[in-house]
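The file final-v9.txt comes next; it holds compact mmCIF, N, CA and C atoms.
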# COMPACT_ATOMS: atom_id res chain seq x y z
N MET A 22 -29.55 -25.07 -7.64
CA MET A 22 -29.03 -23.95 -8.40
C MET A 22 -28.02 -24.45 -9.44
N ASP A 23 -27.95 -23.72 -10.47
CA ASP A 23 -27.04 -24.05 -11.54
C ASP A 23 -25.61 -23.65 -11.12
N ALA A 24 -24.63 -24.50 -11.44
CA ALA A 24 -23.24 -24.24 -11.05
C ALA A 24 -22.69 -22.98 -11.73
N GLU A 25 -23.12 -22.73 -12.97
CA GLU A 25 -22.65 -21.52 -13.66
C GLU A 25 -23.15 -20.26 -12.97
N LEU A 26 -24.38 -20.30 -12.48
CA LEU A 26 -24.93 -19.13 -11.80
C LEU A 26 -24.20 -18.87 -10.48
N VAL A 27 -23.87 -19.93 -9.76
CA VAL A 27 -23.13 -19.77 -8.51
C VAL A 27 -21.73 -19.22 -8.79
N LEU A 28 -21.07 -19.74 -9.80
CA LEU A 28 -19.74 -19.24 -10.15
C LEU A 28 -19.80 -17.80 -10.63
N LEU A 29 -20.83 -17.46 -11.39
CA LEU A 29 -21.01 -16.08 -11.84
C LEU A 29 -21.21 -15.15 -10.65
N ALA A 30 -22.03 -15.56 -9.70
CA ALA A 30 -22.28 -14.74 -8.52
C ALA A 30 -21.00 -14.58 -7.68
N LEU A 31 -20.25 -15.65 -7.52
CA LEU A 31 -19.00 -15.57 -6.77
C LEU A 31 -17.98 -14.65 -7.44
N CYS A 32 -17.82 -14.81 -8.74
CA CYS A 32 -16.86 -13.97 -9.47
C CYS A 32 -17.28 -12.50 -9.44
N THR A 33 -18.56 -12.24 -9.58
CA THR A 33 -19.04 -10.87 -9.52
C THR A 33 -18.85 -10.29 -8.13
N GLY A 34 -19.14 -11.06 -7.11
CA GLY A 34 -18.94 -10.60 -5.74
C GLY A 34 -17.49 -10.32 -5.43
N PHE A 35 -16.60 -11.22 -5.83
CA PHE A 35 -15.18 -10.98 -5.63
C PHE A 35 -14.71 -9.76 -6.41
N GLY A 36 -15.19 -9.62 -7.64
CA GLY A 36 -14.81 -8.46 -8.45
C GLY A 36 -15.24 -7.15 -7.82
N LEU A 37 -16.47 -7.11 -7.30
CA LEU A 37 -16.95 -5.89 -6.64
C LEU A 37 -16.18 -5.62 -5.34
N GLY A 38 -15.87 -6.69 -4.60
CA GLY A 38 -15.09 -6.52 -3.38
C GLY A 38 -13.69 -6.01 -3.66
N PHE A 39 -13.03 -6.58 -4.67
CA PHE A 39 -11.70 -6.11 -5.04
C PHE A 39 -11.74 -4.67 -5.56
N MET A 40 -12.81 -4.32 -6.28
CA MET A 40 -12.94 -2.95 -6.77
C MET A 40 -13.13 -1.98 -5.61
N ALA A 41 -13.89 -2.39 -4.60
CA ALA A 41 -14.06 -1.55 -3.41
C ALA A 41 -12.73 -1.35 -2.68
N LEU A 42 -11.92 -2.40 -2.60
CA LEU A 42 -10.60 -2.27 -1.97
C LEU A 42 -9.69 -1.35 -2.79
N ALA A 43 -9.80 -1.40 -4.11
CA ALA A 43 -9.00 -0.50 -4.95
C ALA A 43 -9.40 0.95 -4.74
N VAL A 44 -10.71 1.20 -4.66
CA VAL A 44 -11.18 2.57 -4.41
C VAL A 44 -10.73 3.04 -3.03
N ARG A 45 -10.77 2.15 -2.05
CA ARG A 45 -10.33 2.50 -0.70
C ARG A 45 -8.84 2.86 -0.69
N ALA A 46 -8.02 2.12 -1.42
CA ALA A 46 -6.59 2.40 -1.48
C ALA A 46 -6.32 3.74 -2.16
N VAL A 47 -7.08 4.05 -3.21
CA VAL A 47 -6.91 5.34 -3.88
C VAL A 47 -7.34 6.47 -2.96
N LEU A 48 -8.44 6.30 -2.23
CA LEU A 48 -8.89 7.33 -1.30
C LEU A 48 -7.88 7.55 -0.17
N THR A 49 -7.24 6.48 0.27
CA THR A 49 -6.19 6.62 1.28
C THR A 49 -5.02 7.43 0.73
N ALA A 50 -4.62 7.16 -0.50
CA ALA A 50 -3.53 7.92 -1.12
C ALA A 50 -3.92 9.39 -1.29
N VAL A 51 -5.16 9.66 -1.66
CA VAL A 51 -5.62 11.04 -1.82
C VAL A 51 -5.65 11.74 -0.47
N ARG A 52 -6.10 11.05 0.57
CA ARG A 52 -6.14 11.64 1.91
C ARG A 52 -4.72 11.98 2.38
N LEU A 53 -3.78 11.07 2.13
CA LEU A 53 -2.40 11.36 2.50
C LEU A 53 -1.83 12.53 1.71
N TRP A 54 -2.20 12.63 0.44
CA TRP A 54 -1.72 13.73 -0.39
C TRP A 54 -2.29 15.06 0.11
N ALA A 55 -3.57 15.06 0.49
CA ALA A 55 -4.23 16.30 0.87
C ALA A 55 -3.91 16.73 2.30
N ARG A 56 -3.90 15.79 3.24
CA ARG A 56 -3.80 16.17 4.65
C ARG A 56 -2.60 15.57 5.37
N GLY A 57 -1.74 14.89 4.66
CA GLY A 57 -0.63 14.21 5.29
C GLY A 57 0.53 15.12 5.63
N LEU A 58 1.24 14.76 6.66
CA LEU A 58 2.46 15.46 7.04
C LEU A 58 3.64 14.75 6.38
N ARG A 59 4.51 15.52 5.76
CA ARG A 59 5.65 14.94 5.06
C ARG A 59 6.91 15.19 5.86
N VAL A 60 7.65 14.12 6.08
CA VAL A 60 8.94 14.21 6.78
C VAL A 60 9.95 13.38 5.98
N THR A 61 11.20 13.53 6.34
CA THR A 61 12.25 12.76 5.67
C THR A 61 12.69 11.63 6.58
N GLY A 62 12.77 10.45 6.01
CA GLY A 62 13.23 9.28 6.74
C GLY A 62 14.54 8.77 6.20
N ARG A 63 15.26 8.04 7.00
CA ARG A 63 16.54 7.47 6.60
C ARG A 63 16.40 5.96 6.50
N VAL A 64 16.88 5.40 5.40
CA VAL A 64 16.82 3.97 5.16
C VAL A 64 17.98 3.31 5.91
N THR A 65 17.65 2.32 6.74
CA THR A 65 18.67 1.57 7.47
C THR A 65 18.49 0.09 7.18
N GLY A 66 19.50 -0.67 7.46
CA GLY A 66 19.44 -2.11 7.24
C GLY A 66 18.58 -2.81 8.28
N ARG A 67 18.12 -3.96 7.92
CA ARG A 67 17.32 -4.76 8.85
C ARG A 67 18.24 -5.41 9.87
N ALA A 68 17.64 -5.94 10.92
CA ALA A 68 18.39 -6.67 11.94
C ALA A 68 19.01 -7.91 11.29
N PRO A 69 20.16 -8.37 11.77
CA PRO A 69 20.80 -9.54 11.16
C PRO A 69 19.92 -10.80 11.20
N ALA A 70 19.06 -10.91 12.18
CA ALA A 70 18.20 -12.09 12.27
C ALA A 70 17.03 -12.04 11.29
N ASP A 71 16.73 -10.87 10.75
CA ASP A 71 15.61 -10.72 9.81
C ASP A 71 16.08 -11.13 8.42
N ARG A 72 15.41 -12.11 7.83
CA ARG A 72 15.87 -12.66 6.55
C ARG A 72 15.25 -11.96 5.35
N ARG A 73 14.37 -11.00 5.57
CA ARG A 73 13.73 -10.31 4.46
C ARG A 73 14.70 -9.35 3.78
N ARG A 74 14.44 -9.09 2.51
CA ARG A 74 15.28 -8.19 1.74
C ARG A 74 14.89 -6.74 1.99
N GLY A 75 15.76 -5.84 1.60
CA GLY A 75 15.48 -4.41 1.69
C GLY A 75 15.75 -3.86 3.07
N GLY A 76 15.49 -2.60 3.23
CA GLY A 76 15.73 -1.95 4.49
C GLY A 76 14.44 -1.47 5.13
N VAL A 77 14.58 -0.82 6.26
CA VAL A 77 13.46 -0.19 6.94
C VAL A 77 13.76 1.31 7.01
N VAL A 78 12.72 2.09 7.19
CA VAL A 78 12.85 3.55 7.20
C VAL A 78 12.61 4.05 8.62
N HIS A 79 13.58 4.78 9.16
CA HIS A 79 13.44 5.43 10.46
C HIS A 79 13.11 6.89 10.22
N PHE A 80 12.07 7.39 10.91
CA PHE A 80 11.69 8.80 10.78
C PHE A 80 11.16 9.30 12.11
N PHE A 81 11.09 10.61 12.24
CA PHE A 81 10.57 11.26 13.44
C PHE A 81 9.22 11.89 13.13
N ASP A 82 8.23 11.66 14.00
CA ASP A 82 6.92 12.26 13.79
C ASP A 82 6.91 13.70 14.32
N HIS A 83 5.75 14.35 14.29
CA HIS A 83 5.65 15.75 14.68
C HIS A 83 5.86 15.97 16.18
N LEU A 84 5.82 14.91 16.98
CA LEU A 84 6.08 15.01 18.41
C LEU A 84 7.52 14.65 18.77
N GLY A 85 8.33 14.31 17.79
CA GLY A 85 9.73 13.99 18.03
C GLY A 85 10.00 12.53 18.35
N ARG A 86 8.99 11.68 18.24
CA ARG A 86 9.19 10.24 18.50
C ARG A 86 9.79 9.59 17.26
N GLU A 87 10.72 8.69 17.48
CA GLU A 87 11.31 7.96 16.37
C GLU A 87 10.43 6.75 16.06
N LEU A 88 10.05 6.61 14.81
CA LEU A 88 9.20 5.50 14.37
C LEU A 88 9.92 4.75 13.25
N VAL A 89 9.50 3.50 13.06
CA VAL A 89 10.09 2.65 12.03
C VAL A 89 8.99 2.26 11.05
N LEU A 90 9.26 2.46 9.78
CA LEU A 90 8.34 2.08 8.71
C LEU A 90 8.96 0.92 7.95
N ASP A 91 8.23 -0.18 7.90
CA ASP A 91 8.68 -1.34 7.12
C ASP A 91 7.92 -1.33 5.80
N PRO A 92 8.55 -0.92 4.70
CA PRO A 92 7.83 -0.81 3.44
C PRO A 92 7.50 -2.14 2.79
N GLY A 93 7.94 -3.23 3.33
CA GLY A 93 7.56 -4.53 2.81
C GLY A 93 8.57 -5.11 1.84
N PRO A 94 8.26 -6.30 1.33
CA PRO A 94 9.22 -6.99 0.47
C PRO A 94 9.40 -6.35 -0.91
N TYR A 95 8.44 -5.56 -1.35
CA TYR A 95 8.53 -4.97 -2.69
C TYR A 95 9.05 -3.55 -2.67
N ALA A 96 9.67 -3.14 -1.58
CA ALA A 96 10.15 -1.78 -1.44
C ALA A 96 11.15 -1.37 -2.52
N PRO A 97 12.10 -2.23 -2.92
CA PRO A 97 13.02 -1.79 -3.99
C PRO A 97 12.30 -1.46 -5.30
N TRP A 98 11.18 -2.11 -5.56
CA TRP A 98 10.43 -1.84 -6.79
C TRP A 98 9.52 -0.63 -6.64
N CYS A 99 9.32 -0.18 -5.41
CA CYS A 99 8.44 0.97 -5.17
C CYS A 99 9.22 2.24 -4.89
N GLY A 100 10.49 2.28 -5.16
CA GLY A 100 11.25 3.49 -5.06
C GLY A 100 12.04 3.68 -3.78
N LEU A 101 12.29 2.63 -3.02
CA LEU A 101 13.09 2.75 -1.80
C LEU A 101 14.56 2.81 -2.18
N PRO A 102 15.27 3.86 -1.76
CA PRO A 102 16.69 3.95 -2.09
C PRO A 102 17.50 2.93 -1.30
N PRO A 103 18.76 2.75 -1.63
CA PRO A 103 19.59 1.79 -0.88
C PRO A 103 19.82 2.27 0.56
N VAL A 104 20.37 1.37 1.36
CA VAL A 104 20.63 1.66 2.77
C VAL A 104 21.53 2.89 2.88
N GLY A 105 21.15 3.82 3.75
CA GLY A 105 21.88 5.06 3.94
C GLY A 105 21.23 6.24 3.25
N GLY A 106 20.34 5.99 2.32
CA GLY A 106 19.67 7.07 1.60
C GLY A 106 18.50 7.64 2.37
N THR A 107 17.97 8.74 1.87
CA THR A 107 16.80 9.35 2.49
C THR A 107 15.61 9.20 1.57
N VAL A 108 14.45 9.17 2.17
CA VAL A 108 13.22 9.00 1.41
C VAL A 108 12.12 9.81 2.10
N PRO A 109 11.23 10.44 1.34
CA PRO A 109 10.13 11.16 1.97
C PRO A 109 9.08 10.19 2.51
N VAL A 110 8.56 10.51 3.68
CA VAL A 110 7.54 9.70 4.34
C VAL A 110 6.34 10.61 4.60
N VAL A 111 5.14 10.07 4.46
CA VAL A 111 3.93 10.84 4.71
C VAL A 111 3.05 10.05 5.67
N TYR A 112 2.38 10.79 6.56
CA TYR A 112 1.46 10.16 7.51
C TYR A 112 0.40 11.16 7.91
N VAL A 113 -0.73 10.65 8.37
CA VAL A 113 -1.80 11.49 8.91
C VAL A 113 -1.40 11.87 10.32
N ARG A 114 -1.66 13.09 10.71
CA ARG A 114 -1.21 13.62 12.00
C ARG A 114 -1.64 12.76 13.17
N ASP A 115 -2.82 12.19 13.13
CA ASP A 115 -3.33 11.39 14.24
C ASP A 115 -2.79 9.97 14.24
N ARG A 116 -2.25 9.51 13.12
CA ARG A 116 -1.81 8.12 13.01
C ARG A 116 -0.42 8.02 12.38
N PRO A 117 0.63 8.40 13.09
CA PRO A 117 1.96 8.31 12.49
C PRO A 117 2.45 6.87 12.32
N THR A 118 1.83 5.92 13.02
CA THR A 118 2.25 4.53 12.85
C THR A 118 1.75 3.94 11.53
N ALA A 119 0.82 4.61 10.87
CA ALA A 119 0.31 4.14 9.57
C ALA A 119 0.95 4.94 8.43
N ALA A 120 2.22 5.24 8.55
CA ALA A 120 2.92 6.04 7.55
C ALA A 120 3.17 5.23 6.28
N ARG A 121 3.37 5.95 5.19
CA ARG A 121 3.70 5.34 3.90
C ARG A 121 4.84 6.12 3.27
N LEU A 122 5.51 5.50 2.34
CA LEU A 122 6.54 6.22 1.57
C LEU A 122 5.85 7.22 0.65
N TRP A 123 6.43 8.38 0.50
CA TRP A 123 5.85 9.42 -0.34
C TRP A 123 6.42 9.28 -1.76
N THR A 124 6.16 8.13 -2.35
CA THR A 124 6.49 7.91 -3.76
C THR A 124 5.22 7.47 -4.46
N LEU A 125 5.09 7.85 -5.70
CA LEU A 125 3.88 7.54 -6.44
C LEU A 125 3.67 6.03 -6.54
N ARG A 126 4.73 5.29 -6.78
CA ARG A 126 4.61 3.84 -6.92
C ARG A 126 4.19 3.20 -5.61
N HIS A 127 4.72 3.65 -4.49
CA HIS A 127 4.38 3.04 -3.21
C HIS A 127 2.95 3.38 -2.79
N LEU A 128 2.48 4.59 -3.13
CA LEU A 128 1.12 4.97 -2.75
C LEU A 128 0.07 4.30 -3.62
N LEU A 129 0.36 4.10 -4.90
CA LEU A 129 -0.66 3.57 -5.81
C LEU A 129 -0.53 2.09 -6.13
N ALA A 130 0.53 1.43 -5.66
CA ALA A 130 0.69 0.00 -5.94
C ALA A 130 -0.45 -0.85 -5.38
N PRO A 131 -0.92 -0.62 -4.15
CA PRO A 131 -2.03 -1.45 -3.67
C PRO A 131 -3.30 -1.29 -4.50
N SER A 132 -3.63 -0.06 -4.90
CA SER A 132 -4.84 0.13 -5.69
C SER A 132 -4.71 -0.54 -7.05
N PHE A 133 -3.53 -0.49 -7.64
CA PHE A 133 -3.33 -1.17 -8.93
C PHE A 133 -3.50 -2.67 -8.79
N GLY A 134 -2.95 -3.24 -7.71
CA GLY A 134 -3.09 -4.68 -7.48
C GLY A 134 -4.53 -5.10 -7.28
N TRP A 135 -5.28 -4.32 -6.49
CA TRP A 135 -6.69 -4.66 -6.28
C TRP A 135 -7.49 -4.50 -7.56
N PHE A 136 -7.19 -3.45 -8.35
CA PHE A 136 -7.89 -3.26 -9.61
C PHE A 136 -7.60 -4.40 -10.58
N LEU A 137 -6.36 -4.85 -10.63
CA LEU A 137 -6.00 -5.98 -11.48
C LEU A 137 -6.73 -7.25 -11.04
N SER A 138 -6.83 -7.45 -9.73
CA SER A 138 -7.56 -8.62 -9.21
C SER A 138 -9.04 -8.54 -9.57
N SER A 139 -9.62 -7.35 -9.49
CA SER A 139 -11.04 -7.22 -9.86
C SER A 139 -11.24 -7.47 -11.35
N THR A 140 -10.28 -7.05 -12.17
CA THR A 140 -10.38 -7.30 -13.60
C THR A 140 -10.34 -8.79 -13.90
N VAL A 141 -9.48 -9.51 -13.22
CA VAL A 141 -9.41 -10.97 -13.40
C VAL A 141 -10.72 -11.62 -12.96
N ALA A 142 -11.28 -11.17 -11.84
CA ALA A 142 -12.54 -11.75 -11.36
C ALA A 142 -13.68 -11.46 -12.32
N PHE A 143 -13.79 -10.22 -12.80
CA PHE A 143 -14.84 -9.89 -13.76
C PHE A 143 -14.62 -10.62 -15.08
N GLY A 144 -13.37 -10.77 -15.51
CA GLY A 144 -13.09 -11.52 -16.73
C GLY A 144 -13.49 -12.99 -16.61
N THR A 145 -13.27 -13.55 -15.43
CA THR A 145 -13.71 -14.93 -15.20
C THR A 145 -15.22 -15.03 -15.25
N ALA A 146 -15.90 -14.04 -14.70
CA ALA A 146 -17.37 -14.04 -14.75
C ALA A 146 -17.88 -13.95 -16.18
N VAL A 147 -17.22 -13.14 -16.99
CA VAL A 147 -17.64 -13.01 -18.40
C VAL A 147 -17.37 -14.32 -19.14
N THR A 148 -16.26 -14.97 -18.83
CA THR A 148 -15.93 -16.23 -19.50
C THR A 148 -16.91 -17.33 -19.10
N VAL A 149 -17.35 -17.32 -17.87
CA VAL A 149 -18.31 -18.34 -17.41
C VAL A 149 -19.65 -18.19 -18.11
N THR A 150 -20.08 -16.95 -18.34
CA THR A 150 -21.38 -16.73 -18.95
C THR A 150 -21.40 -17.01 -20.45
N SER A 151 -20.25 -16.98 -21.12
CA SER A 151 -20.25 -17.20 -22.57
C SER A 151 -20.09 -18.64 -22.94
For this file, produce the structure as structure tokens.
Amino acid sequence: MDAELVLLALCTGFGLGFMALAVRAVLTAVRLWARGLRVTGRVTGRAPADRRRGGVVHFFDHLGRELVLDPGPYAPWCGLPPVGGTVPVVYVRDRPTAARLWTLRHLLAPSFGWFLSSTVAFGTAVTVTS
């Protein structure tokens, strides 16, 4: 097989896979918007032994259990307020452990990243063929 054809097939496959992940992330955000339960969480500091930046969000689900949401390392860029602040949290009633922050940036950041990755993969495929 020709090396260009193999590279074209790989780039196209990765591009389609990344596009499918982007669509899945958007559908998850839409599902949370349509059927999610919204509660208010409080931002608290991480444990002293945890070296990651930002805080974690403590919230109560519909059964009164206290849960912890770790928004990840990019939380300050996705709209997480400083420690002590409150933030809206959304989750599906059956899965409160899969909660997300109810901010537009936090809900749509994964889909944007996957879409950007698919664009790079498709652009590489176009460059290989020319």
(message) as a VMD selection string, please: the residues near segment 46-62 of chain A (cut-off 7 Å, only N, CA and C atoms, same-chain neighbours under 5 positions excluded).
(response) chain A and resid 41 78 to 81 106 to 114 128 to 129 131 to 132
With N, CA and C atoms retained, write the just-selected residues as a compact mmCIF listing (two decimals), in the frame of the given file.
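File produced: part18.txt:
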# COMPACT_ATOMS: atom_id res chain seq x y z
N ALA A 41 -13.89 -2.39 -4.60
CA ALA A 41 -14.06 -1.55 -3.41
C ALA A 41 -12.73 -1.35 -2.68
N VAL A 78 12.72 2.09 7.19
CA VAL A 78 12.85 3.55 7.20
C VAL A 78 12.61 4.05 8.62
N HIS A 79 13.58 4.78 9.16
CA HIS A 79 13.44 5.43 10.46
C HIS A 79 13.11 6.89 10.22
N PHE A 80 12.07 7.39 10.91
CA PHE A 80 11.69 8.80 10.78
C PHE A 80 11.16 9.30 12.11
N PHE A 81 11.09 10.61 12.24
CA PHE A 81 10.57 11.26 13.44
C PHE A 81 9.22 11.89 13.13
N GLY A 106 20.34 5.99 2.32
CA GLY A 106 19.67 7.07 1.60
C GLY A 106 18.50 7.64 2.37
N THR A 107 17.97 8.74 1.87
CA THR A 107 16.80 9.35 2.49
C THR A 107 15.61 9.20 1.57
N VAL A 108 14.45 9.17 2.17
CA VAL A 108 13.22 9.00 1.41
C VAL A 108 12.12 9.81 2.10
N PRO A 109 11.23 10.44 1.34
CA PRO A 109 10.13 11.16 1.97
C PRO A 109 9.08 10.19 2.51
N VAL A 110 8.56 10.51 3.68
CA VAL A 110 7.54 9.70 4.34
C VAL A 110 6.34 10.61 4.60
N VAL A 111 5.14 10.07 4.46
CA VAL A 111 3.93 10.84 4.71
C VAL A 111 3.05 10.05 5.67
N TYR A 112 2.38 10.79 6.56
CA TYR A 112 1.46 10.16 7.51
C TYR A 112 0.40 11.16 7.91
N VAL A 113 -0.73 10.65 8.37
CA VAL A 113 -1.80 11.49 8.91
C VAL A 113 -1.40 11.87 10.32
N ARG A 114 -1.66 13.09 10.71
CA ARG A 114 -1.21 13.62 12.00
C ARG A 114 -1.64 12.76 13.17
N LEU A 128 2.48 4.59 -3.13
CA LEU A 128 1.12 4.97 -2.75
C LEU A 128 0.07 4.30 -3.62
N LEU A 129 0.36 4.10 -4.90
CA LEU A 129 -0.66 3.57 -5.81
C LEU A 129 -0.53 2.09 -6.13
N PRO A 131 -0.92 -0.62 -4.15
CA PRO A 131 -2.03 -1.45 -3.67
C PRO A 131 -3.30 -1.29 -4.50
N SER A 132 -3.63 -0.06 -4.90
CA SER A 132 -4.84 0.13 -5.69
C SER A 132 -4.71 -0.54 -7.05
(message) To one decimal place in Å, what is the distance between atom CA of Asp71 of chain A and atom C of Leu90 of chain A?
(response)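 Separation between atom CA of Asp71 of chain A and atom C of Leu90 of chain A: 13.5 Å.
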(request) Find the residues near Arg74 of chain A: any atom within 12 Å, counting only C-alpha atoms, skip ones fewer than 4 places away on the same chain, and give them as JSON, numbers by chain. (result) {"A": [65, 66, 67, 68, 69, 70, 91, 92, 93, 94, 95, 96, 97, 98, 101, 103, 104]}
(message) Just the number, please: distance in Å from atom CA of Leu29 of chain A to atom CA of Val149 of chain A, one decimal.
(response) 6.6 Å
(message) Residues within 6 Å of His127 of chain A, please, as an MDAnalysis selection string. Count all atoms listed in the file; anything in the same chain fewer than 4 positions from it doesn't count.
(response) chainID A and resid 99:100 122 131
(message) Write out as number ranges by chain the set of residues from segment 80-128 of chain A that DSSP, computed on the backbone, places in strand (DSSP E).
(response) A: 80-81, 87-90, 107-113, 116-122
(request) For atom N of Trp135 of chain A and atom CA of Arg63 of chain A, determine how far apart the two atoms are, in Å to one decimal place. (result)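 Between these atoms lies a distance of 28.0 Å.
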(request) Kindly indicate which residue among A:Leu137, A:Val147, A:Leu88, A:Val77 lies nearest to Leu42 of chain A, using only C-alpha atoms for the distances. (result)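 Comparing A:Leu137, A:Val147, A:Leu88, A:Val77 against Leu42 of chain A, the winner is A:Leu137.
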(request) Mind listing the alpha helix (DSSP H) residues of chain A, per DSSP on the backbone, as a PyMOL selection string? (result) chain A and resi 24-56+125-150
(message) I want to know what sits within 8 Å of Phe143 of chain A, based on all atoms listed in the file, with residues of the same chain fewer than 4 positions away left out; could you give that as a ChimeraX atom specification?
(response) /A:32-37,137-139,147-149
(message) Considering all atoms listed in the file, can you say which of A:Val64, A:Ala43, A:Ala120, A:Ala30 comes closest to Phe133 of chain A?
(response) A:Ala43
(request) Pick out the closest residue to Asp115 of chain A from this set: A:Leu28, A:Leu84, A:Ala146, A:Val44. Count only C-alpha atoms. (result)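 So, comparing all the options, the nearest one is A:Leu84.
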(request) Using only N, CA and C atoms, find the one residue out of A:Pro102, A:Pro117, A:Phe136, A:Arg126 that sits nearest to His83 of chain A. (result)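 Comparing A:Pro102, A:Pro117, A:Phe136, A:Arg126 against His83 of chain A, the winner is A:Pro117.
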Complete the atoms of segment 34-49 of chain A to N, CA, C and O atoms and put them out as a PDB file, in the coordinates of the input.
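Result saved to rebuild-v6.pdb:
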ATOM      1  N   GLY A  34     -19.140 -11.060  -7.110  1.00  0.00           N
ATOM      2  CA  GLY A  34     -18.940 -10.600  -5.740  1.00  0.00           C
ATOM      3  C   GLY A  34     -17.490 -10.320  -5.430  1.00  0.00           C
ATOM      4  O   GLY A  34     -17.157  -9.287  -4.826  1.00  0.00           O
ATOM      5  N   PHE A  35     -16.600 -11.220  -5.830  1.00  0.00           N
ATOM      6  CA  PHE A  35     -15.180 -10.980  -5.630  1.00  0.00           C
ATOM      7  C   PHE A  35     -14.710  -9.760  -6.410  1.00  0.00           C
ATOM      8  O   PHE A  35     -13.921  -8.955  -5.918  1.00  0.00           O
ATOM      9  N   GLY A  36     -15.190  -9.620  -7.640  1.00  0.00           N
ATOM     10  CA  GLY A  36     -14.810  -8.460  -8.450  1.00  0.00           C
ATOM     11  C   GLY A  36     -15.240  -7.150  -7.820  1.00  0.00           C
ATOM     12  O   GLY A  36     -14.480  -6.183  -7.771  1.00  0.00           O
ATOM     13  N   LEU A  37     -16.470  -7.110  -7.300  1.00  0.00           N
ATOM     14  CA  LEU A  37     -16.950  -5.890  -6.640  1.00  0.00           C
ATOM     15  C   LEU A  37     -16.180  -5.620  -5.340  1.00  0.00           C
ATOM     16  O   LEU A  37     -15.872  -4.472  -5.020  1.00  0.00           O
ATOM     17  N   GLY A  38     -15.870  -6.690  -4.600  1.00  0.00           N
ATOM     18  CA  GLY A  38     -15.090  -6.520  -3.380  1.00  0.00           C
ATOM     19  C   GLY A  38     -13.690  -6.010  -3.660  1.00  0.00           C
ATOM     20  O   GLY A  38     -13.193  -5.103  -2.976  1.00  0.00           O
ATOM     21  N   PHE A  39     -13.030  -6.580  -4.670  1.00  0.00           N
ATOM     22  CA  PHE A  39     -11.700  -6.110  -5.040  1.00  0.00           C
ATOM     23  C   PHE A  39     -11.740  -4.670  -5.560  1.00  0.00           C
ATOM     24  O   PHE A  39     -10.836  -3.883  -5.281  1.00  0.00           O
ATOM     25  N   MET A  40     -12.810  -4.320  -6.280  1.00  0.00           N
ATOM     26  CA  MET A  40     -12.940  -2.950  -6.770  1.00  0.00           C
ATOM     27  C   MET A  40     -13.130  -1.980  -5.610  1.00  0.00           C
ATOM     28  O   MET A  40     -12.565  -0.881  -5.604  1.00  0.00           O
ATOM     29  N   ALA A  41     -13.890  -2.390  -4.600  1.00  0.00           N
ATOM     30  CA  ALA A  41     -14.060  -1.550  -3.410  1.00  0.00           C
ATOM     31  C   ALA A  41     -12.730  -1.350  -2.680  1.00  0.00           C
ATOM     32  O   ALA A  41     -12.433  -0.242  -2.208  1.00  0.00           O
ATOM     33  N   LEU A  42     -11.920  -2.400  -2.600  1.00  0.00           N
ATOM     34  CA  LEU A  42     -10.600  -2.270  -1.970  1.00  0.00           C
ATOM     35  C   LEU A  42      -9.690  -1.350  -2.790  1.00  0.00           C
ATOM     36  O   LEU A  42      -8.886  -0.601  -2.216  1.00  0.00           O
ATOM     37  N   ALA A  43      -9.800  -1.400  -4.110  1.00  0.00           N
ATOM     38  CA  ALA A  43      -9.000  -0.500  -4.950  1.00  0.00           C
ATOM     39  C   ALA A  43      -9.400   0.950  -4.740  1.00  0.00           C
ATOM     40  O   ALA A  43      -8.543   1.830  -4.616  1.00  0.00           O
ATOM     41  N   VAL A  44     -10.710   1.200  -4.660  1.00  0.00           N
ATOM     42  CA  VAL A  44     -11.180   2.570  -4.410  1.00  0.00           C
ATOM     43  C   VAL A  44     -10.730   3.040  -3.030  1.00  0.00           C
ATOM     44  O   VAL A  44     -10.303   4.184  -2.863  1.00  0.00           O
ATOM     45  N   ARG A  45     -10.770   2.150  -2.050  1.00  0.00           N
ATOM     46  CA  ARG A  45     -10.330   2.500  -0.700  1.00  0.00           C
ATOM     47  C   ARG A  45      -8.840   2.860  -0.690  1.00  0.00           C
ATOM     48  O   ARG A  45      -8.419   3.820  -0.034  1.00  0.00           O
ATOM     49  N   ALA A  46      -8.020   2.120  -1.420  1.00  0.00           N
ATOM     50  CA  ALA A  46      -6.590   2.400  -1.480  1.00  0.00           C
ATOM     51  C   ALA A  46      -6.320   3.740  -2.160  1.00  0.00           C
ATOM     52  O   ALA A  46      -5.439   4.496  -1.738  1.00  0.00           O
ATOM     53  N   VAL A  47      -7.080   4.050  -3.210  1.00  0.00           N
ATOM     54  CA  VAL A  47      -6.910   5.340  -3.880  1.00  0.00           C
ATOM     55  C   VAL A  47      -7.340   6.470  -2.960  1.00  0.00           C
ATOM     56  O   VAL A  47      -6.671   7.518  -2.881  1.00  0.00           O
ATOM     57  N   LEU A  48      -8.440   6.300  -2.230  1.00  0.00           N
ATOM     58  CA  LEU A  48      -8.890   7.330  -1.300  1.00  0.00           C
ATOM     59  C   LEU A  48      -7.880   7.550  -0.170  1.00  0.00           C
ATOM     60  O   LEU A  48      -7.672   8.678   0.280  1.00  0.00           O
ATOM     61  N   THR A  49      -7.240   6.480   0.270  1.00  0.00           N
ATOM     62  CA  THR A  49      -6.190   6.620   1.280  1.00  0.00           C
ATOM     63  C   THR A  49      -5.020   7.430   0.730  1.00  0.00           C
ATOM     64  O   THR A  49      -4.487   8.307   1.422  1.00  0.00           O
TER      65      THR A  49
END
